[in-house]
file upload05.txt (compact mmCIF, C-alpha atoms)
# COMPACT_ATOMS: atom_id res chain seq x y z
CA MET A 1 0.00 0.00 0.00
CA ASN A 2 1.18 3.50 -0.80
CA ARG A 3 -0.36 6.35 1.20
CA GLN A 4 -0.92 9.81 -0.29
CA ASN A 5 -2.98 12.74 0.90
CA LEU A 6 -5.62 14.29 -1.34
CA PHE A 7 -5.24 17.67 0.42
CA SER A 8 -1.45 18.03 0.22
CA ASP A 9 -0.22 20.70 -2.17
CA ALA A 10 2.06 18.37 -4.17
CA TRP A 11 1.54 18.55 -7.96
CA ASP A 12 2.99 16.36 -10.71
CA GLY A 13 2.60 18.78 -13.58
CA GLU A 14 1.15 22.02 -14.89
CA ASN A 15 -0.21 23.04 -18.27
CA ASP A 16 -0.17 26.84 -18.49
CA GLU A 17 -1.92 26.85 -21.88
CA ALA A 18 -4.83 24.77 -20.55
CA GLY A 19 -4.84 26.51 -17.17
CA THR A 20 -4.57 23.25 -15.25
CA ARG A 21 -2.32 21.37 -12.90
CA HIS A 22 -2.63 17.76 -11.84
CA ARG A 23 -1.51 15.13 -9.37
CA ILE A 24 -1.56 11.47 -10.32
CA PHE A 25 -2.11 9.11 -7.41
CA TRP A 26 0.18 6.12 -7.27
CA ARG A 27 -1.09 2.71 -8.35
CA PRO A 28 0.61 -0.59 -9.16
CA ASP A 29 1.63 -1.01 -12.81
CA ASP A 30 -0.96 -3.76 -13.36
CA ALA A 31 -3.88 -1.95 -11.68
CA ARG A 32 -7.01 -1.01 -13.63
CA MET A 33 -8.17 1.72 -11.22
CA GLY A 34 -6.50 5.12 -11.17
CA ALA A 35 -7.08 8.60 -9.76
CA THR A 36 -5.93 12.06 -10.74
CA LEU A 37 -6.64 15.38 -9.03
CA TYR A 38 -7.09 18.29 -11.44
CA GLU A 39 -7.13 21.95 -10.60
CA LEU A 40 -8.57 24.32 -13.20
CA VAL A 41 -7.42 27.89 -12.62
CA ARG A 42 -9.84 30.80 -12.92
CA ASP A 43 -11.03 31.27 -16.49
CA ALA A 44 -9.46 27.93 -17.56
CA PRO A 45 -10.56 27.20 -21.14
CA GLU A 46 -12.29 24.01 -22.17
CA THR A 47 -10.05 21.06 -23.01
CA PRO A 48 -10.85 19.08 -26.18
CA ILE A 49 -14.06 17.09 -25.77
CA HIS A 50 -13.34 13.35 -25.93
CA MET A 51 -14.56 9.84 -25.24
CA HIS A 52 -12.78 6.61 -24.32
CA PHE A 53 -13.23 3.14 -25.74
CA GLY A 54 -11.44 1.13 -23.07
CA ALA A 55 -12.01 3.19 -19.91
CA GLU A 56 -14.78 4.45 -17.67
CA GLU A 57 -14.32 7.66 -15.70
CA MET A 58 -16.03 9.31 -12.77
CA PHE A 59 -15.48 12.86 -11.60
CA PHE A 60 -16.07 14.39 -8.17
CA VAL A 61 -16.12 18.19 -7.88
CA LEU A 62 -14.22 18.99 -4.68
CA SER A 63 -14.33 22.78 -4.94
CA GLY A 64 -15.27 25.54 -7.32
CA ARG A 65 -17.89 25.67 -10.08
CA PRO A 66 -16.52 24.02 -13.23
CA VAL A 67 -18.61 23.54 -16.37
CA LEU A 68 -19.08 20.08 -17.87
CA ARG A 69 -19.86 19.83 -21.58
CA SER A 70 -21.17 16.52 -22.89
CA GLN A 71 -23.32 15.31 -25.78
CA HIS A 72 -26.26 16.87 -23.88
CA GLY A 73 -24.78 20.38 -23.76
CA ALA A 74 -23.04 22.44 -21.08
CA GLU A 75 -23.90 22.26 -17.40
CA ALA A 76 -22.51 24.22 -14.45
CA LEU A 77 -21.38 21.96 -11.61
CA ALA A 78 -20.90 22.71 -7.91
CA SER A 79 -18.83 21.38 -5.07
CA GLY A 80 -19.99 17.86 -4.22
CA ASP A 81 -21.34 17.04 -7.68
CA PHE A 82 -20.52 13.66 -9.24
CA VAL A 83 -20.44 12.78 -12.94
CA PHE A 84 -20.02 9.27 -14.41
CA CYS A 85 -18.72 8.87 -17.97
CA PRO A 86 -19.17 5.36 -19.42
CA GLU A 87 -17.17 4.07 -22.37
CA GLY A 88 -18.02 5.33 -25.83
CA ARG A 89 -20.21 8.15 -27.06
CA ALA A 90 -22.32 8.20 -23.89
CA GLY A 91 -19.18 9.25 -21.98
CA LEU A 92 -18.23 12.22 -24.19
CA HIS A 93 -16.95 15.00 -21.90
CA THR A 94 -14.80 18.04 -21.26
CA PHE A 95 -14.45 20.60 -18.46
CA SER A 96 -13.75 24.32 -18.23
CA ASN A 97 -13.75 26.88 -15.43
CA PRO A 98 -15.29 30.20 -16.45
CA THR A 99 -15.35 31.49 -12.85
CA GLU A 100 -12.98 33.66 -10.82
CA GLU A 101 -12.08 30.88 -8.37
CA PRO A 102 -10.07 27.70 -9.01
CA ALA A 103 -11.96 24.42 -9.33
CA ARG A 104 -10.69 21.04 -8.18
CA ILE A 105 -11.95 17.80 -9.69
CA LEU A 106 -11.00 14.30 -8.61
CA ALA A 107 -11.06 11.90 -11.58
CA ILE A 108 -11.21 8.17 -10.94
CA SER A 109 -10.94 5.81 -13.87
CA ALA A 110 -11.05 2.11 -14.56
CA GLY A 111 -9.61 0.93 -17.81
CA SER A 112 -6.99 -1.09 -19.49
CA PHE A 113 -5.05 -1.13 -22.69
CA PRO A 114 -5.66 -1.02 -25.53
CA ASP A 115 -7.56 2.22 -25.13
CA VAL A 116 -8.92 4.40 -27.92
CA VAL A 117 -9.56 8.07 -27.19
CA ALA A 118 -11.59 9.92 -29.82
CA TYR A 119 -11.83 13.71 -30.24
CA PRO A 120 -14.81 14.00 -32.63
CA GLU A 121 -14.84 17.82 -32.87
CA HIS A 122 -11.15 17.86 -33.78
CA GLY A 123 -11.20 14.93 -36.19
CA TYR A 124 -8.68 12.58 -34.63
CA ALA A 125 -8.32 9.65 -32.27
CA TRP A 126 -5.44 7.74 -30.80
CA VAL A 127 -5.00 4.14 -29.85
CA ALA A 128 -2.54 2.95 -27.24
CA THR A 129 -1.61 -0.58 -26.28
CA ARG A 130 0.32 0.75 -23.27
CA ASP A 131 0.33 3.69 -20.87
CA PRO A 132 1.65 6.76 -22.75
CA ASP A 133 3.68 7.77 -19.65
CA PRO A 134 7.35 7.63 -20.77
CA VAL A 135 8.67 6.53 -17.34
CA PRO A 136 7.71 2.82 -17.61
CA LEU A 137 9.15 2.77 -21.13
CA ALA A 138 12.43 4.25 -19.85
CA ARG A 139 12.55 1.45 -17.26
CA GLY A 140 12.52 -1.11 -20.08
CA GLY A 141 8.75 -1.52 -20.37
CA ASP A 142 6.94 -2.77 -23.45
CA PRO A 143 7.11 -0.08 -26.17
CA GLY A 144 3.68 -1.15 -27.39
CA ILE A 145 1.92 0.92 -30.02
CA ILE A 146 0.65 4.47 -29.72
CA ALA A 147 -0.84 5.77 -32.94
CA ARG A 148 -2.93 8.76 -33.97
CA PHE A 149 -5.37 8.60 -36.84
CA GLU A 150 -7.98 10.83 -38.43
CA ILE A 151 -11.73 10.38 -37.96
CA PRO A 152 -14.67 12.34 -39.43
CA ILE A 153 -15.26 15.69 -37.73
CA GLU A 154 -18.64 15.91 -36.03
call {"tool": "encode", "arguments": {"input": "upload05.txt", "output": "structure tokens"}}
result
Amino acid sequence: MNRQNLFSDAWDGENDEAGTRHRIFWRPDDARMGATLYELVRDAPETPIHMHFGAEEMFFVLSGRPVLRSQHGAEALASGDFVFCPEGRAGLHTFSNPTEEPARILAISAGSFPDVVAYPEHGYAWVATRDPDPVPLARGGDPGIIARFEIPIE
């Protein structure tokens, strides 16, 4: 077991362009379940809307008022809200934060590889037979296949 604290201020990475930072919670290499804490800064733009074919995701809003956009339109969320995104088109999703305060979202996913992630508004998808994180590969892990291909824009 590896213990981490959800409320510590340790972050694994930041994306200034997207206005986000994230912390990935440790899990064994062969685990299907995973968790990532995202913080969307004030006025964080929407990330590309996408869907997974190989993973289910659930999101818990811990603080702030992010906006979820799905195939049903945009919806403002509040602290305590929960959203489940199944595999495929029914799980199409993206988040933004149009407010003046940061928003924190805990994402929990269950999936395996291969995984296909499709971005229908941008006209591409990628398929991966392994985790795209370069660290396991650097440790001699299976190079697998990660490929991007075009799909019809919707």
call {"tool": "residues_around", "arguments": {"input": "upload05.txt", "residues": "region 52-65 of chain A", "least_positions_apart": "4", "cutoff": "7 Å", "atoms": "all atoms listed in the file", "output": "ChimeraX atom specification"}}
result
/A:76-88,97,99,101-118
call {"tool": "atom_distance", "arguments": {"input": "upload05.txt", "atom1": "CA of Leu68 (chain A)", "atom2": "CA of Glu100 (chain A)"}}
result
16.5 Å
call {"tool": "atom_distance", "arguments": {"input": "upload05.txt", "atom1": "CA of Val67 (chain A)", "atom2": "CA of Gly13 (chain A)"}}
result
21.9 Å
call {"tool": "atom_distance", "arguments": {"input": "upload05.txt", "atom1": "CA of Asp29 (chain A)", "atom2": "CA of Gln4 (chain A)"}}
result
16.7 Å
call {"tool": "residues_around", "arguments": {"input": "upload05.txt", "residues": "Pro48 (chain A)", "least_positions_apart": "3", "cutoff": "12 Å", "atoms": "all atoms listed in the file", "output": "MDAnalysis selection string"}}
result
chainID A and resid 18 45 51 68:70 92:96 117:125
